[in-house]
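A.B. asks: One structure is given below, represented as structure tokens, and several questions about it will come after.
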Amino acid sequence: MGDGRDALDWAATYPYDLVILDVILPGLDGFAVCTALRAAGFASAILMLTALDDVQDRIKGLDRGADDYLAKPFSMDELRARVRALGRRRLEDRAAMIHVADLELDPSTQSVLRAGRPIRLTAREFAILELFARHPGQIFGQERLIEALWGADFAPESNIVEVYIRSLRRKVDDGRRDGLIETVRGSGYRLRAAGSS
């Protein structure tokens, strides 16, 4: 992995259970990557590694959304123990299933079913769908989606939201007449609430 931006691209593409993130990265540093991941809805564990062992640096990492912080130098046994502990904590804290109409999301595994049929989504597609599913019927404008899921990396005029919505519609609604993902003209997008037309 080359730099912090590569880390964001990989995390948006693959559903990692845990990210071990070094603070010192070229381009975006680990603090910025951690902040962007959490803003994008990345729910998996983040363990930050750093040679900066000042208390304020550890606080900064935890405040940015890291689950744990390990200062260098460290033993591999300690690293493995912390990874195991984070795994146990995530299993205990995993989110409940989300149901909207015949759509079912499992945030703990980032899996999606529509009428019992599995749907494969990227991590960022899942983050958008989860945001919609947690607030069915609520309209999300383009700028709000960009701010919530991409942060400051994309300008509001970017068509990235349209690209992801089009992909989600193709995968989730798959040409159905009872499509769940709606465009509200002039306002944004929403997931149709159960029972609405």
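Labeling convention for the structure tokens: chains A, B, ... as they appear, residues from 1 per chain, ligands from 1 in order of appearance.
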Could you pull the residues within 8 Å of Gly41 (chain A), counting only C-alpha atoms, minus those fewer than 6 positions along the same chain, as a PyMOL selection string?

C.D. replies: chain A and resi 124+127+148-149

A.B. asks: Would you please give, as a PyMOL selection string, all residues of region 6-182 of chain A that DSSP assigns to helix (DSSP H, G or I) based on the backbone?

C.D. replies: chain A and resi 6-13+30-39+55-63+76-93+123-134+142-149+151-153+160-173

A.B. asks: Write out as a ChimeraX atom specification the residues lying within 9 Å of region 81-89 of chain A, counting only C-alpha atoms and excluding same-chain residues fewer than 3 positions away.

C.D. replies: /A:17-18,20,45-47,67-68,70,76-78,92-94

A.B. asks: Figure out the distance between CA of Asp106 (chain A) and CA of Val163 (chain A), please, to one decimal in Å.

C.D. replies: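 These two atoms are separated by 23.5 Å.
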
A.B. asks: Write out as a list in words each polymer residue whose atoms come within 10 Å of Gly179 (chain A), counting only C-alpha atoms; drop sequence neighbours fewer than 5 positions from it.

C.D. replies: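 After dropping sequence-adjacent residues, the list is Arg169, Arg170, Val172, Asp173, Asp174, Leu191, Arg192 and Ser197 of chain A.
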
A.B. asks: Name the residues of region 93-166 of chain A that come out as strand (DSSP E) in a backbone DSSP run; write them as a tab-separated table (two decimals) with N, CA, C and O atoms, in the first residue's frame.

C.D. replies:
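Saved the output as result.tsv:
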chain	number	residue	atom	x	y	z
A	98	ILE	N	-30.76	-4.99	10.26
A	98	ILE	CA	-31.63	-3.90	9.84
A	98	ILE	C	-32.58	-4.45	8.77
A	98	ILE	O	-32.12	-5.07	7.81
A	99	HIS	N	-33.89	-4.20	8.94
A	99	HIS	CA	-34.89	-4.68	7.99
A	99	HIS	C	-35.70	-3.50	7.46
A	99	HIS	O	-36.22	-2.70	8.25
A	100	VAL	N	-35.81	-3.40	6.15
A	100	VAL	CA	-36.70	-2.43	5.51
A	100	VAL	C	-37.37	-3.17	4.36
A	100	VAL	O	-36.70	-3.63	3.44
A	103	LEU	N	-35.77	-6.03	2.40
A	103	LEU	CA	-34.32	-5.82	2.42
A	103	LEU	C	-33.79	-6.09	3.82
A	103	LEU	O	-34.37	-5.65	4.82
A	104	GLU	N	-32.68	-6.82	3.90
A	104	GLU	CA	-32.09	-7.19	5.19
A	104	GLU	C	-30.59	-6.91	5.16
A	104	GLU	O	-29.89	-7.40	4.28
A	105	LEU	N	-30.12	-6.10	6.11
A	105	LEU	CA	-28.71	-5.76	6.18
A	105	LEU	C	-28.13	-6.27	7.49
A	105	LEU	O	-28.75	-6.11	8.54
A	106	ASP	N	-26.94	-6.84	7.43
A	106	ASP	CA	-26.22	-7.27	8.63
A	106	ASP	C	-24.94	-6.45	8.73
A	106	ASP	O	-23.96	-6.74	8.05
A	111	SER	N	-23.28	-7.86	4.98
A	111	SER	CA	-24.02	-8.67	4.01
A	111	SER	C	-25.42	-8.10	3.82
A	111	SER	O	-25.99	-7.48	4.72
A	112	VAL	N	-25.96	-8.31	2.62
A	112	VAL	CA	-27.28	-7.78	2.26
A	112	VAL	C	-28.09	-8.87	1.58
A	112	VAL	O	-27.57	-9.62	0.73
A	113	LEU	N	-29.36	-8.97	1.94
A	113	LEU	CA	-30.30	-9.86	1.28
A	113	LEU	C	-31.50	-9.05	0.81
A	113	LEU	O	-31.98	-8.17	1.53
A	114	ARG	N	-31.98	-9.35	-0.38
A	114	ARG	CA	-33.24	-8.76	-0.87
A	114	ARG	C	-34.15	-9.91	-1.23
A	114	ARG	O	-33.85	-10.70	-2.12
A	117	ARG	N	-32.37	-13.10	-1.42
A	117	ARG	CA	-31.29	-13.23	-2.40
A	117	ARG	C	-30.09	-12.40	-1.96
A	117	ARG	O	-30.23	-11.20	-1.70
A	118	PRO	N	-28.89	-13.00	-1.86
A	118	PRO	CA	-27.72	-12.23	-1.45
A	118	PRO	C	-27.30	-11.21	-2.50
A	118	PRO	O	-27.40	-11.46	-3.71
A	119	ILE	N	-26.85	-10.06	-2.04
A	119	ILE	CA	-26.39	-8.98	-2.92
A	119	ILE	C	-24.98	-8.61	-2.50
A	119	ILE	O	-24.72	-8.33	-1.32

A.B. asks: Work out how far apart CA of Leu52 (chain A) and CA of Tyr16 (chain A) are and give it in Å to one decimal.

C.D. replies: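 We find that CA of Leu52 (chain A) and CA of Tyr16 (chain A) lie 25.4 Å from each other.
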
A.B. asks: Using only C-alpha atoms, determine which residues lie at most 7 Å from Val161 (chain A), disregarding the query and same-chain residues fewer than 3 positions distant; provide the list as an mmCIF file with N, CA and C atoms, in the first residue's frame.

C.D. replies:
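Wrote out-v8.cif, looks like this:
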data_model
loop_
_atom_site.group_PDB
_atom_site.id
_atom_site.type_symbol
_atom_site.label_atom_id
_atom_site.label_comp_id
_atom_site.auth_asym_id
_atom_site.auth_seq_id
_atom_site.Cartn_x
_atom_site.Cartn_y
_atom_site.Cartn_z
ATOM 1 N N GLN A 142 -27.307 15.389 -2.056
ATOM 2 C CA GLN A 142 -25.980 15.024 -2.543
ATOM 3 C C GLN A 142 -24.876 15.546 -1.618
ATOM 4 N N TYR A 164 -22.650 6.033 -7.465
ATOM 5 C CA TYR A 164 -22.923 5.016 -6.452
ATOM 6 C C TYR A 164 -24.406 4.692 -6.356
ATOM 7 N N ILE A 165 -25.263 5.688 -6.479
ATOM 8 C CA ILE A 165 -26.710 5.436 -6.440
ATOM 9 C C ILE A 165 -27.117 4.557 -7.620
#

A.B. asks: Which polymer residues have any atom within 10 Å of an atom of Val184 (chain A), counting only C-alpha atoms, with same-chain residues fewer than 3 positions away left out, as a ChimeraX atom specification?

C.D. replies: /A:139-141,181,187-190

A.B. asks: Could you check which of A:Leu25, A:Ala7, A:Ile160, A:Ile59 is closest to Leu37 (chain A), using only C-alpha atoms?

C.D. replies: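 So, comparing all the options, the nearest one is A:Ala7.
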
A.B. asks: Calculated over only C-alpha atoms, which of the candidates A:Pro107, A:Gly61, A:Gly4, A:Pro26 has the smallest distance to Ala123 (chain A)?

C.D. replies: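 Comparing A:Pro107, A:Gly61, A:Gly4, A:Pro26 against Ala123 (chain A), the winner is A:Pro107.
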
A.B. asks: Using CA of Leu129 (chain A) and CA of Tyr14 (chain A) as the two end points, give the distance in Å to one decimal.

C.D. replies: 15.7 Å

A.B. asks: Extract, using only C-alpha atoms, all DNA, RNA and protein residues at most 9 Å from Thr13 (chain A), discarding same-chain residues fewer than 4 positions from it, and format them as a list in words.

C.D. replies: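 Here the answer would be Leu8, Asp9, Leu121, Thr122, Ala123, Arg124 and Glu125 of chain A.
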
A.B. asks: Kindly save the residues from that selection, with all heavy atoms included, as a JSON list (two decimals), in the first residue's frame.

C.D. replies:
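Just written: out_24.json:
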[["chain", "number", "residue", "atom", "x", "y", "z"],
["A", 8, "LEU", "N", -7.51, 4.45, 1.99],
["A", 8, "LEU", "CA", -8.94, 4.75, 1.88],
["A", 8, "LEU", "C", -9.58, 3.99, 0.73],
["A", 8, "LEU", "O", -10.70, 3.47, 0.86],
["A", 8, "LEU", "CB", -9.14, 6.26, 1.69],
["A", 8, "LEU", "CG", -8.80, 7.15, 2.88],
["A", 8, "LEU", "CD1", -8.96, 8.62, 2.51],
["A", 8, "LEU", "CD2", -9.68, 6.80, 4.08],
["A", 9, "ASP", "N", -8.89, 3.91, -0.40],
["A", 9, "ASP", "CA", -9.42, 3.19, -1.57],
["A", 9, "ASP", "C", -9.61, 1.71, -1.25],
["A", 9, "ASP", "O", -10.64, 1.12, -1.58],
["A", 9, "ASP", "CB", -8.49, 3.34, -2.77],
["A", 9, "ASP", "CG", -8.51, 4.75, -3.34],
["A", 9, "ASP", "OD1", -9.48, 5.49, -3.07],
["A", 9, "ASP", "OD2", -7.56, 5.12, -4.06],
["A", 121, "LEU", "N", -22.01, -6.08, -2.29],
["A", 121, "LEU", "CA", -21.75, -4.64, -2.35],
["A", 121, "LEU", "C", -20.32, -4.36, -1.92],
["A", 121, "LEU", "O", -19.74, -5.09, -1.12],
["A", 121, "LEU", "CB", -22.70, -3.88, -1.41],
["A", 121, "LEU", "CG", -24.20, -4.00, -1.66],
["A", 121, "LEU", "CD1", -24.96, -3.17, -0.61],
["A", 121, "LEU", "CD2", -24.57, -3.53, -3.05],
["A", 122, "THR", "N", -19.78, -3.25, -2.44],
["A", 122, "THR", "CA", -18.49, -2.78, -1.92],
["A", 122, "THR", "C", -18.73, -2.17, -0.55],
["A", 122, "THR", "O", -19.88, -1.91, -0.16],
["A", 122, "THR", "CB", -17.87, -1.72, -2.85],
["A", 122, "THR", "OG1", -18.70, -0.55, -2.82],
["A", 122, "THR", "CG2", -17.74, -2.23, -4.28],
["A", 123, "ALA", "N", -17.65, -1.91, 0.18],
["A", 123, "ALA", "CA", -17.79, -1.33, 1.52],
["A", 123, "ALA", "C", -18.49, 0.02, 1.47],
["A", 123, "ALA", "O", -19.33, 0.33, 2.32],
["A", 123, "ALA", "CB", -16.41, -1.19, 2.17],
["A", 124, "ARG", "N", -18.19, 0.84, 0.47],
["A", 124, "ARG", "CA", -18.81, 2.16, 0.40],
["A", 124, "ARG", "C", -20.27, 2.06, -0.04],
["A", 124, "ARG", "O", -21.12, 2.79, 0.46],
["A", 124, "ARG", "CB", -18.02, 3.07, -0.54],
["A", 124, "ARG", "CG", -18.56, 4.50, -0.54],
["A", 124, "ARG", "CD", -17.48, 5.51, -0.79],
["A", 124, "ARG", "NE", -16.66, 5.74, 0.38],
["A", 124, "ARG", "CZ", -15.42, 6.24, 0.33],
["A", 124, "ARG", "NH1", -14.88, 6.52, -0.83],
["A", 124, "ARG", "NH2", -14.74, 6.44, 1.43],
["A", 125, "GLU", "N", -20.58, 1.15, -0.95],
["A", 125, "GLU", "CA", -21.98, 0.93, -1.32],
["A", 125, "GLU", "C", -22.77, 0.50, -0.09],
["A", 125, "GLU", "O", -23.89, 0.97, 0.13],
["A", 125, "GLU", "CB", -22.08, -0.13, -2.42],
["A", 125, "GLU", "CG", -21.62, 0.34, -3.78],
["A", 125, "GLU", "CD", -21.52, -0.79, -4.80],
["A", 125, "GLU", "OE1", -21.49, -1.97, -4.39],
["A", 125, "GLU", "OE2", -21.46, -0.49, -5.99]]
